[in-house]
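S.K.: Please see the structure below; I have some questions.
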Amino acid sequence: MGVFVFLPLVLPLTAWPIARLAEQHLHPRAATRLLTGVAAVMAVCSTLCLALVMVVGTAQLPGNPLPDGWSDPEVRAAVPYDEVVGKAAIPALFAVLVVCGRTWWRLARVRSRAHRALAGLRNTEVAVLPDGEPYAYALPGGGRRDRVVVTTGLLEVLEPAERRALFAHERAHLAARHHRFLLTVRLAAQANPFLRPLRTAVSYTTERWADEDAAQRVGSRRAVARAIGRAALVSRGASAATP
């Protein structure tokens, strides 16, 4: 097999052209699902490759509890420089597990803190914060706990039609569970840095997806474009929470 053993580790280099083609030729809904699926599969394959290389490369170390079959010469011959790459795979695999676990834990912590911060407000779909800084975001919580959070600072600069478009955009994020796609590609990019173009692409396609759904709901692409554009302009530099 030779160097082809390492193919799952370098195959994500194709992520950039895949992302470009999907962004340009697919509906944002289809592009989001396709790119997320590709990222997940490639990340799992590259992580499994690291694990197998580590197992085969360290099978000869004293005290290793692995079955004797893993140290068979034919198995080790399939991995070039098996001992070197096996030892190098140990910290790499450990780093992947630690970084992905830390990301998952931090995200759960941020969402929990955000929901606790909103506990004192009325239990409505839209939570309005008395804050002069203009920002808005979708806060997933699972079913009835999903909320759109917006500040008075942003509502003051938007016209009524633009407010409806903004709310429709944020609700589209929640309805389509965009946070799950974003988390998947984020973890995939941490498992294999070559997948970062897919993370960037999915961030873009989910926004386009939300724009399309919002435009259908309010019946005006112009209103959605104006609302999102004005919100982006006035919130530039604002420290918004993004669970």
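So you can find residues: chains in the structure tokens are A, B, ... in the order shown, residues in each start at 1, and ligands are numbered from 1 in order.
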Show me a table, sorted first by chain and then by increasing residue number, of the residues of region 144-241 of chain A having an atom at most 7 Å from region 8-29 of chain A, each with its shortest atom pair and the distance in Å to one decimal, counting only C-alpha atoms and written as JSON lines.
M.R.:
```
{"residue": "A:Phe194", "atom": "CA", "partner": "A:Pro12", "partner_atom": "CA", "distance": 5.4}
{"residue": "A:Leu195", "atom": "CA", "partner": "A:Pro12", "partner_atom": "CA", "distance": 5.7}
{"residue": "A:Pro197", "atom": "CA", "partner": "A:Trp16", "partner_atom": "CA", "distance": 5.4}
{"residue": "A:Leu198", "atom": "CA", "partner": "A:Ala19", "partner_atom": "CA", "distance": 5.8}
{"residue": "A:Ala201", "atom": "CA", "partner": "A:Ala19", "partner_atom": "CA", "distance": 5.9}
{"residue": "A:Thr205", "atom": "CA", "partner": "A:Pro28", "partner_atom": "CA", "distance": 4.9}
{"residue": "A:Thr206", "atom": "CA", "partner": "A:Pro28", "partner_atom": "CA", "distance": 6.7}
{"residue": "A:Arg208", "atom": "CA", "partner": "A:Pro28", "partner_atom": "CA", "distance": 6.0}
{"residue": "A:Trp209", "atom": "CA", "partner": "A:Pro28", "partner_atom": "CA", "distance": 5.1}
```
S.K.: Write out as a list in words which residues come within 8 Å of region 119-128 of chain A when counting only C-alpha atoms, dropping same-chain ones fewer than 6 positions away.
M.R.: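 Residues near the query, excluding close chain neighbours: Asp146, Arg147, Val148, Val149, Val150, Thr151 and Thr152 of chain A.
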S.K.: Would you mind exporting the chosen residues as a PDB file, in the first residue's frame, restricted to N, CA, C and O atoms?
M.R.:
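This is the output file part39.pdb:
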```pdb
ATOM      1  N   ASP A 146     -35.798  27.443  21.701  1.00  0.00           N
ATOM      2  CA  ASP A 146     -35.164  28.260  20.664  1.00  0.00           C
ATOM      3  C   ASP A 146     -35.634  29.709  20.798  1.00  0.00           C
ATOM      4  O   ASP A 146     -36.830  29.966  20.953  1.00  0.00           O
ATOM      5  N   ARG A 147     -34.684  30.650  20.702  1.00  0.00           N
ATOM      6  CA  ARG A 147     -35.049  32.051  20.840  1.00  0.00           C
ATOM      7  C   ARG A 147     -34.221  32.915  19.893  1.00  0.00           C
ATOM      8  O   ARG A 147     -33.074  32.581  19.583  1.00  0.00           O
ATOM      9  N   VAL A 148     -34.827  33.995  19.457  1.00  0.00           N
ATOM     10  CA  VAL A 148     -34.118  35.029  18.704  1.00  0.00           C
ATOM     11  C   VAL A 148     -33.813  36.153  19.680  1.00  0.00           C
ATOM     12  O   VAL A 148     -34.724  36.685  20.327  1.00  0.00           O
ATOM     13  N   VAL A 149     -32.551  36.495  19.802  1.00  0.00           N
ATOM     14  CA  VAL A 149     -32.128  37.529  20.735  1.00  0.00           C
ATOM     15  C   VAL A 149     -31.739  38.770  19.939  1.00  0.00           C
ATOM     16  O   VAL A 149     -30.946  38.685  18.991  1.00  0.00           O
ATOM     17  N   VAL A 150     -32.305  39.903  20.333  1.00  0.00           N
ATOM     18  CA  VAL A 150     -32.016  41.159  19.641  1.00  0.00           C
ATOM     19  C   VAL A 150     -31.961  42.274  20.675  1.00  0.00           C
ATOM     20  O   VAL A 150     -32.627  42.206  21.710  1.00  0.00           O
ATOM     21  N   THR A 151     -31.174  43.275  20.408  1.00  0.00           N
ATOM     22  CA  THR A 151     -31.046  44.385  21.344  1.00  0.00           C
ATOM     23  C   THR A 151     -31.890  45.580  20.897  1.00  0.00           C
ATOM     24  O   THR A 151     -32.218  45.730  19.708  1.00  0.00           O
ATOM     25  N   THR A 152     -32.210  46.413  21.861  1.00  0.00           N
ATOM     26  CA  THR A 152     -32.954  47.634  21.535  1.00  0.00           C
ATOM     27  C   THR A 152     -32.122  48.556  20.646  1.00  0.00           C
ATOM     28  O   THR A 152     -32.662  49.302  19.824  1.00  0.00           O
TER      29      THR A 152
END
```
S.K.: Just want the 7 Å neighbourhood of Val53 (chain A), counted on only C-alpha atoms, with same-chain residues fewer than 2 positions away dropped. Output as a list in words.
M.R.: Cys49, Leu50, Ala51, Val55, Val56, Gly57, Val85, Gly86 and Ala89 of chain A
S.K.: As an exercise, work out the distance from CA of Ala114 (chain A) to CA of Arg230 (chain A) in Å and give it to one decimal place.
M.R.: 25.0 Å
S.K.: Nearest residue to Ala161 (chain A) out of A:Arg221, A:Ser203, A:Ala227, A:Arg180, using only C-alpha atoms?
M.R.: A:Ala227
S.K.: Check the smallest atom-to-atom distance from each of A:Leu155, A:Leu48, A:Val218, A:Leu182 to Val202 (chain A) using only C-alpha atoms, then report the winner.
M.R.: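 Result for the nearest residue to Val202 (chain A): A:Leu182.
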S.K.: Would you give me, as a ChimeraX atom specification, the residues in region 36-228 of chain A that DSSP reads as alpha helix (DSSP H)?
M.R.: /A:36-57,73-77,82-117,152-155,160-175,178-191,196-218,221-228
S.K.: List as CSV every residue of region 160-228 of chain A that is in contact with region 41-46 of chain A, defined as an atom at most 8 Å from one of its atoms (using only C-alpha atoms), together with the nearest atom pair and the distance in Å rounded to one decimal, sorted by chain and then rising number.
M.R.:
```
residue,atom,partner,partner_atom,distance
A:Ala188,CA,A:Ala43,CA,5.1
A:Ala189,CA,A:Ala43,CA,7.6
A:Ala191,CA,A:Ala43,CA,5.9
A:Asn192,CA,A:Ala43,CA,6.1
A:Leu195,CA,A:Ala43,CA,7.9
```
S.K.: Go ahead and dump the residues you just picked, C-alpha atoms, as a PDB file, in the first residue's frame.
M.R.:
```pdb
ATOM      1  CA  ALA A 188     -14.059  18.640  11.226  1.00  0.00           C
ATOM      2  CA  ALA A 189     -11.697  21.563  10.599  1.00  0.00           C
ATOM      3  CA  ALA A 191      -9.674  17.325  13.309  1.00  0.00           C
ATOM      4  CA  ASN A 192      -7.981  18.114  10.000  1.00  0.00           C
ATOM      5  CA  LEU A 195     -10.906  21.115   5.918  1.00  0.00           C
TER       6      LEU A 195
END
```
